[in-house]
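Heads up, run_31.csv below (CSV, C-alpha atoms):
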chain,number,residue,atom,x,y,z
A,1021,MET,CA,-5.5,16.3,-38.2
A,1022,THR,CA,-5.5,13.3,-40.6
A,1023,ARG,CA,-5.3,9.9,-39.0
A,1024,THR,CA,-3.9,6.8,-40.7
A,1025,PRO,CA,-6.1,3.8,-41.2
A,1026,ASP,CA,-4.1,2.0,-38.4
A,1027,ALA,CA,-4.7,4.9,-36.0
A,1028,LEU,CA,-8.5,4.8,-36.9
A,1029,HIS,CA,-8.6,1.1,-36.3
A,1030,SER,CA,-6.9,1.4,-32.9
A,1031,LEU,CA,-9.3,4.0,-31.8
A,1032,SER,CA,-12.2,1.7,-32.6
A,1033,ASP,CA,-10.8,-1.2,-30.6
A,1034,PRO,CA,-12.5,-1.7,-27.2
A,1035,ALA,CA,-10.4,-0.8,-24.2
A,1036,PRO,CA,-9.2,-3.8,-22.2
A,1037,PRO,CA,-11.3,-4.4,-19.2
A,1038,ALA,CA,-10.1,-3.0,-15.9
A,1039,PRO,CA,-8.6,-5.5,-13.6
A,1040,VAL,CA,-10.4,-6.6,-10.4
A,1041,LEU,CA,-7.3,-6.0,-8.1
A,1042,SER,CA,-4.2,-3.9,-8.4
A,1043,ILE,CA,-1.3,-5.0,-6.1
A,1044,VAL,CA,1.1,-2.2,-5.3
A,1045,ILE,CA,4.5,-3.2,-3.9
A,1046,PRO,CA,6.6,-0.3,-2.6
A,1047,ALA,CA,10.3,-1.1,-2.7
A,1048,TYR,CA,13.6,0.5,-1.6
A,1049,ASN,CA,16.8,-1.4,-2.1
A,1050,GLU,CA,14.9,-4.7,-2.3
A,1051,ALA,CA,16.7,-6.3,-5.3
A,1052,HIS,CA,17.4,-9.4,-3.1
A,1053,LYS,CA,13.8,-10.2,-2.5
A,1054,ILE,CA,11.6,-8.3,-5.0
A,1055,ALA,CA,11.4,-11.3,-7.3
A,1056,ARG,CA,9.8,-13.4,-4.5
A,1057,ASP,CA,7.3,-10.5,-3.8
A,1058,ILE,CA,6.2,-10.4,-7.5
A,1059,GLN,CA,6.0,-14.2,-7.7
A,1060,ALA,CA,3.9,-14.4,-4.6
A,1061,ALA,CA,1.5,-11.7,-5.8
A,1062,SER,CA,1.3,-13.4,-9.2
A,1063,ALA,CA,0.7,-16.8,-7.8
A,1064,PHE,CA,-2.1,-15.4,-5.6
A,1065,LEU,CA,-3.9,-13.8,-8.6
A,1066,THR,CA,-3.5,-16.9,-10.7
A,1067,GLU,CA,-4.6,-19.4,-8.0
A,1068,GLN,CA,-7.6,-17.3,-7.0
A,1069,ASN,CA,-8.6,-16.7,-10.6
A,1070,ILE,CA,-8.5,-12.9,-10.0
A,1071,THR,CA,-7.8,-10.6,-12.9
A,1072,GLY,CA,-5.2,-8.2,-11.7
A,1073,GLU,CA,-2.1,-6.2,-12.2
A,1074,ILE,CA,1.1,-5.9,-10.2
A,1075,ILE,CA,2.8,-2.5,-9.7
A,1076,VAL,CA,6.2,-2.3,-8.2
A,1077,SER,CA,6.9,1.3,-7.1
A,1078,ASP,CA,10.7,1.7,-6.6
A,1079,ASP,CA,11.6,4.6,-4.4
A,1080,GLY,CA,14.9,5.5,-5.9
A,1081,SER,CA,16.8,2.3,-5.1
A,1082,ARG,CA,20.5,2.1,-5.6
A,1083,ASP,CA,20.8,-1.7,-5.9
A,1084,GLY,CA,19.0,-2.3,-9.2
A,1085,THR,CA,15.6,-3.1,-7.7
A,1086,ALA,CA,13.7,-1.8,-10.7
A,1087,ASP,CA,15.8,-3.7,-13.2
A,1088,THR,CA,15.4,-6.9,-11.1
A,1089,ALA,CA,11.7,-6.4,-11.0
A,1090,ARG,CA,11.4,-5.9,-14.7
A,1091,ALA,CA,13.2,-9.2,-15.3
A,1092,VAL,CA,10.7,-11.3,-13.3
A,1093,ALA,CA,8.6,-13.6,-15.5
A,1094,VAL,CA,4.9,-13.4,-14.8
A,1095,PRO,CA,1.9,-15.0,-16.7
A,1096,PRO,CA,1.0,-13.0,-19.8
A,1097,ASN,CA,-2.4,-12.2,-18.5
A,1098,ILE,CA,-1.0,-10.4,-15.4
A,1099,PRO,CA,0.5,-7.0,-16.4
A,1100,LEU,CA,3.6,-6.1,-14.4
A,1101,HIS,CA,4.4,-2.4,-14.2
A,1102,VAL,CA,7.6,-1.0,-12.6
A,1103,LEU,CA,7.7,2.6,-11.6
A,1104,ALA,CA,11.2,3.8,-10.9
A,1105,ALA,CA,11.7,7.1,-9.0
A,1106,GLN,CA,14.9,8.9,-9.7
A,1107,THR,CA,15.4,9.9,-6.0
A,1108,ASN,CA,14.5,8.4,-2.7
A,1109,ARG,CA,11.6,10.3,-1.2
A,1110,GLY,CA,10.0,7.9,1.2
A,1111,LYS,CA,7.5,5.0,1.4
A,1112,GLY,CA,4.5,7.4,1.3
A,1113,ALA,CA,5.7,8.8,-2.0
A,1114,ALA,CA,6.2,5.3,-3.4
A,1115,VAL,CA,2.8,4.0,-2.4
A,1116,ARG,CA,1.1,7.1,-3.6
A,1117,ALA,CA,2.8,6.8,-7.1
A,1118,GLY,CA,1.7,3.2,-7.3
A,1119,MET,CA,-1.9,3.8,-6.2
A,1120,LEU,CA,-2.4,6.6,-8.6
A,1121,GLN,CA,-1.4,4.3,-11.5
A,1122,THR,CA,-4.0,1.7,-10.6
A,1123,ARG,CA,-7.1,1.3,-12.7
A,1124,SER,CA,-8.8,-1.5,-10.8
A,1125,GLN,CA,-12.0,-2.1,-9.0
A,1126,TYR,CA,-10.0,-2.8,-5.8
A,1127,ALA,CA,-6.4,-1.8,-4.9
A,1128,MET,CA,-4.0,-2.8,-2.2
A,1129,PHE,CA,-0.4,-2.3,-1.2
A,1130,ALA,CA,1.7,-4.9,0.5
A,1131,ASP,CA,5.2,-4.4,1.9
A,1132,SER,CA,8.1,-6.2,0.4
A,1133,GLY,CA,9.1,-9.4,2.1
A,1134,VAL,CA,5.7,-11.2,2.1
A,1135,CYS,CA,5.3,-10.8,5.9
A,1136,ILE,CA,1.6,-11.5,5.3
A,1137,PRO,CA,0.7,-14.3,2.8
A,1138,TYR,CA,-1.3,-12.9,-0.1
A,1139,ILE,CA,-4.1,-15.4,0.6
A,1140,GLU,CA,-5.0,-13.2,3.6
A,1141,ALA,CA,-6.2,-10.5,1.0
A,1142,LEU,CA,-9.3,-12.6,0.5
A,1143,ARG,CA,-10.5,-11.4,4.0
A,1144,GLY,CA,-10.1,-7.8,3.0
A,1145,LEU,CA,-11.7,-8.4,-0.4
A,1146,ALA,CA,-14.7,-10.0,1.3
A,1147,LEU,CA,-15.2,-6.9,3.5
A,1148,LEU,CA,-15.0,-4.6,0.5
A,1149,ARG,CA,-17.2,-6.7,-1.8
A,1150,SER,CA,-19.9,-7.0,0.8
A,1151,GLY,CA,-20.1,-3.3,1.2
A,1152,GLN,CA,-19.1,-3.4,4.8
A,1153,CYS,CA,-16.4,-0.8,4.3
A,1154,GLU,CA,-14.5,1.2,1.6
A,1155,ILE,CA,-11.1,0.5,3.2
A,1156,ALA,CA,-9.9,-2.7,4.8
A,1157,HIS,CA,-6.7,-2.9,6.9
A,1158,ALA,CA,-4.8,-5.9,8.1
A,1159,SER,CA,-4.2,-5.8,11.8
A,1160,ARG,CA,-1.5,-7.7,13.7
A,1161,LYS,CA,-3.0,-6.6,17.0
A,1162,ARG,CA,-6.3,-8.5,16.8
A,1163,SER,CA,-6.7,-11.4,19.1
A,1164,ASP,CA,-7.5,-13.7,16.1
A,1165,SER,CA,-4.4,-12.8,14.2
A,1166,VAL,CA,-1.5,-15.3,14.2
A,1167,ILE,CA,2.0,-14.0,14.9
A,1168,VAL,CA,4.6,-16.5,13.6
A,1169,ASN,CA,7.7,-14.4,14.3
A,1170,PRO,CA,7.1,-11.4,16.6
A,1171,GLN,CA,8.9,-8.1,16.4
A,1172,PRO,CA,12.0,-7.6,18.6
A,1173,PHE,CA,11.3,-6.2,22.0
A,1174,HIS,CA,12.7,-2.7,21.2
A,1175,ARG,CA,10.5,-2.4,18.1
A,1176,ARG,CA,7.4,-3.4,20.2
A,1177,VAL,CA,8.2,-0.7,22.7
A,1178,PHE,CA,8.7,1.9,20.0
A,1179,SER,CA,5.4,0.9,18.4
A,1180,ARG,CA,3.5,1.5,21.7
A,1181,ILE,CA,5.2,4.9,22.3
A,1182,PHE,CA,4.5,5.9,18.6
A,1183,ARG,CA,0.8,5.1,19.0
A,1184,VAL,CA,0.5,7.2,22.1
A,1185,ALA,CA,2.2,10.1,20.3
A,1186,ALA,CA,0.0,9.7,17.2
A,1187,ASP,CA,-3.2,9.6,19.3
A,1188,TRP,CA,-2.1,12.6,21.3
A,1189,MET,CA,-1.1,14.8,18.3
A,1190,LEU,CA,-3.5,13.6,15.6
A,1191,HIS,CA,-6.5,12.1,17.5
A,1192,MET,CA,-6.4,8.8,15.6
A,1193,PRO,CA,-9.6,6.7,15.6
A,1194,HIS,CA,-9.5,4.4,18.6
A,1195,SER,CA,-11.3,1.7,16.7
A,1196,LEU,CA,-8.2,1.0,14.6
A,1197,THR,CA,-5.7,-1.2,16.4
A,1198,ASP,CA,-2.8,-1.3,13.9
A,1199,THR,CA,-2.4,1.8,11.8
A,1200,GLN,CA,1.1,0.9,10.5
A,1201,CYS,CA,0.5,-2.6,9.1
A,1202,GLY,CA,1.8,-2.8,5.5
A,1203,PHE,CA,-1.1,-4.6,4.0
A,1204,LYS,CA,-4.1,-2.4,3.2
A,1205,MET,CA,-6.9,-2.7,0.7
A,1206,TYR,CA,-9.2,-0.1,-0.8
A,1207,ARG,CA,-12.1,0.2,-3.2
A,1208,GLY,CA,-10.2,1.4,-6.2
A,1209,ASP,CA,-11.9,4.8,-6.7
A,1210,VAL,CA,-11.5,5.5,-2.9
A,1211,ALA,CA,-7.7,4.6,-3.1
A,1212,ARG,CA,-7.2,7.1,-6.0
A,1213,ILE,CA,-9.1,9.8,-4.2
A,1214,VAL,CA,-7.3,9.4,-0.8
A,1215,TYR,CA,-3.8,9.0,-2.3
A,1216,GLY,CA,-4.5,11.9,-4.7
A,1217,GLU,CA,-4.8,14.1,-1.5
A,1218,LEU,CA,-1.8,12.5,0.3
A,1219,ARG,CA,1.1,14.9,1.0
A,1220,THR,CA,3.2,12.8,3.4
A,1221,ASP,CA,6.2,11.2,1.6
A,1222,GLY,CA,7.6,9.4,4.7
A,1223,PHE,CA,6.7,6.3,6.6
A,1224,LEU,CA,3.9,7.9,8.5
A,1225,PHE,CA,1.8,8.3,5.4
A,1226,ASP,CA,-0.7,5.7,6.7
A,1227,LEU,CA,-1.8,8.2,9.4
A,1228,GLU,CA,-2.6,10.9,6.9
A,1229,THR,CA,-4.5,8.5,4.6
A,1230,ILE,CA,-6.6,7.3,7.6
A,1231,LEU,CA,-7.5,10.8,8.7
A,1232,ARG,CA,-8.3,11.9,5.1
A,1233,ALA,CA,-10.5,8.8,4.8
A,1234,VAL,CA,-12.3,9.6,8.0
A,1235,ARG,CA,-12.8,13.2,6.9
A,1236,ARG,CA,-14.5,11.9,3.8
A,1237,LYS,CA,-16.6,9.5,5.9
A,1238,TYR,CA,-15.2,6.4,4.3
A,1239,ARG,CA,-15.6,3.3,6.5
A,1240,ILE,CA,-12.4,1.5,7.6
A,1241,ALA,CA,-12.6,-2.1,8.8
A,1242,GLU,CA,-9.8,-4.4,10.1
A,1243,PHE,CA,-9.3,-8.1,9.4
A,1244,PRO,CA,-7.0,-10.6,11.1
A,1245,VAL,CA,-3.9,-12.0,9.4
A,1246,THR,CA,-1.0,-14.4,9.8
A,1247,TRP,CA,2.1,-12.3,10.1
A,1248,SER,CA,5.8,-12.8,10.5
A,1249,CYS,CA,8.3,-10.1,11.2
A,1250,ASP,CA,10.8,-9.3,8.5
A,1251,PRO,CA,14.2,-8.6,10.1
A,1252,ASP,CA,15.3,-6.9,6.9
A,1253,THR,CA,13.5,-3.6,7.7
A,1254,ARG,CA,14.3,-0.2,6.4
A,1255,LEU,CA,13.3,1.4,9.7
A,1256,ARG,CA,16.1,2.1,12.2
A,1257,THR,CA,14.5,2.8,15.6
A,1258,GLY,CA,16.9,5.5,16.7
A,1259,ARG,CA,16.8,7.6,13.5
A,1260,THR,CA,13.1,6.9,13.1
A,1261,ALA,CA,12.3,8.3,16.6
A,1262,VAL,CA,13.9,11.6,15.7
A,1263,ARG,CA,11.9,11.9,12.5
A,1264,THR,CA,8.6,10.8,14.0
A,1265,ILE,CA,7.7,14.0,15.8
A,1266,ALA,CA,8.6,16.1,12.8
A,1267,GLU,CA,6.4,14.0,10.5
A,1268,LEU,CA,3.5,14.0,13.0
A,1269,ARG,CA,3.7,17.8,13.1
A,1270,ALA,CA,3.8,18.0,9.3
A,1271,ILE,CA,0.7,15.8,9.0
A,1272,LYS,CA,-1.1,17.9,11.4
A,1273,GLY,CA,-0.3,20.9,9.2
A,1274,PHE,CA,-1.3,19.1,6.0
A,1275,LEU,CA,-4.7,18.3,7.4
A,1276,LYS,CA,-5.4,21.9,8.3
A,1277,THR,CA,-5.9,22.5,4.5
A,1278,PRO,CA,-9.5,21.5,3.7
A,1279,ASN,CA,-9.9,18.9,1.0
A,1280,SER,CA,-12.4,19.1,-1.9
A,1281,ALA,CA,-15.0,17.1,0.1
A,1282,GLU,CA,-15.5,19.8,2.6
In structure tokens, what does this structure look like?
Amino acid sequence: MTRTPDALHSLSDPAPPAPVLSIVIPAYNEAHKIARDIQAASAFLTEQNITGEIIVSDDGSRDGTADTARAVAVPPNIPLHVLAAQTNRGKGAAVRAGMLQTRSQYAMFADSGVCIPYIEALRGLALLRSGQCEIAHASRKRSDSVIVNPQPFHRRVFSRIFRVAADWMLHMPHSLTDTQCGFKMYRGDVARIVYGELRTDGFLFDLETILRAVRRKYRIAEFPVTWSCDPDTRLRTGRTAVRTIAELRAIKGFLKTPNSAE
């Protein structure tokens, strides 16, 4: 095949360096707050002088979330990518899609709403950079975490019942105090391996990623954070309780299939 001079020149250009940190923001009907999420992530990367990229993974929103995200102005040195799914599949599908698009040394996802200030990511980065772990989770349950606005009582009760059910059905690692906190960080290559194996599309995807990481002998560490409950949650306790047992059973079935590490 004959290439034009322009094509030959472009092939000789060096590829741009990979960013240090990819920030994935899963979103579903978040048009009213996605701009604040992107601005907070962008400000963090800029203020900390971290080369990075922001990936908004829209899970089939019906309120124009993707278009709103594309319109947010960010510094030219921070790439902003918006992935827009055609249908709503679940938070796990959104995070997986975003993680598999990362190309960074480190990758993280943060729930929409900035419940945890991005500055707290420095704690996770320190753990990863020092080689103490391959995965770093924020934990609201640690004694040194600061809870500014706690969850309503019914959500705290549901959380405790959920943890008992997850431990019983999936034998979760007892060392992890907060499996569902939406602020998790990874060594980039580890993120792409774990999320490449993930099969859970729903909100319990964290459990599957943890167990797949344990299966591969990746080390998971927790770090304290300042956290404030976002009342604008997509979880509805009644409907969520009905789905939880079904998803736990599905995860148990997924994990019966050996991965390539075994």
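Of the residues listed (A:Ala1241, A:Ala1051, A:Ile1058, A:Ala1186), A:Ala1186 shows the shortest atom-to-atom separation from Asp1226 (chain A); distances use all atoms listed in the file.
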Pairwise distance for CA of Gly1112 (chain A) and CA of Glu1067 (chain A), rounded to one decimal in Å: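 Computing it gives 29.8 Å between the two atoms.
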Atom pair CA of Tyr1126 (chain A) / CA of Ala1086 (chain A): separation (Å):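 Pair CA of Tyr1126 (chain A) / CA of Ala1086 (chain A) returns 24.2 Å.
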Pairwise distance for CA of Thr1264 (chain A) and CA of Lys1111 (chain A), rounded to one decimal in Å: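 Between these atoms lies a distance of 13.9 Å.
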Exercise: region 1087-1091 of chain A partners within 7 Å, all atoms listed in the file, chain neighbours under 6 positions left out, as number ranges by chain: A: 1051, 1054-1055, 1102
Among the residues A:Met1192, A:Ala1127, A:Ala1270, A:Leu1275, the one that comes closest to Asp1209 (chain A) [using all atoms listed in the file]: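 The closest residue to Asp1209 (chain A) is A:Ala1127.
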Which of A:Ile1045, A:Val1184, A:Ile1213, A:Val1076 sits closest to Thr1197 (chain A) [using only C-alpha atoms]: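 Under the stated criterion, the closest residue is A:Val1184.
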Of the listed residues A:Asp1187, A:Asp1083, A:Asp1131, A:Asp1078, that which approaches Arg1056 (chain A) most closely, counting all atoms listed in the file: A:Asp1131
Can you tell me which residues surround Met1205 (chain A) at a distance of at most 6 Å, considering only C-alpha atoms, apart from same-chain residues fewer than 5 positions away, and format the answer as a short mmCIF file (atom, residue, chain, number, x, y, z; two decimals) with C-alpha atoms, keeping the file's coordinate frame?
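Output contents, as saved in result-v2.cif:
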data_model
loop_
_atom_site.label_atom_id
_atom_site.label_comp_id
_atom_site.auth_asym_id
_atom_site.auth_seq_id
_atom_site.Cartn_x
_atom_site.Cartn_y
_atom_site.Cartn_z
CA ALA A 1127 -6.40 -1.80 -4.90
CA MET A 1128 -4.00 -2.80 -2.20
CA ILE A 1155 -11.10 0.50 3.20
CA ALA A 1156 -9.90 -2.70 4.80
#
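Shortest atom-to-atom contact with Asn1097 (chain A) among A:Gly1118, A:Gly1133, A:Gly1080, A:Pro1037: A:Pro1037, counting all atoms listed in the file.
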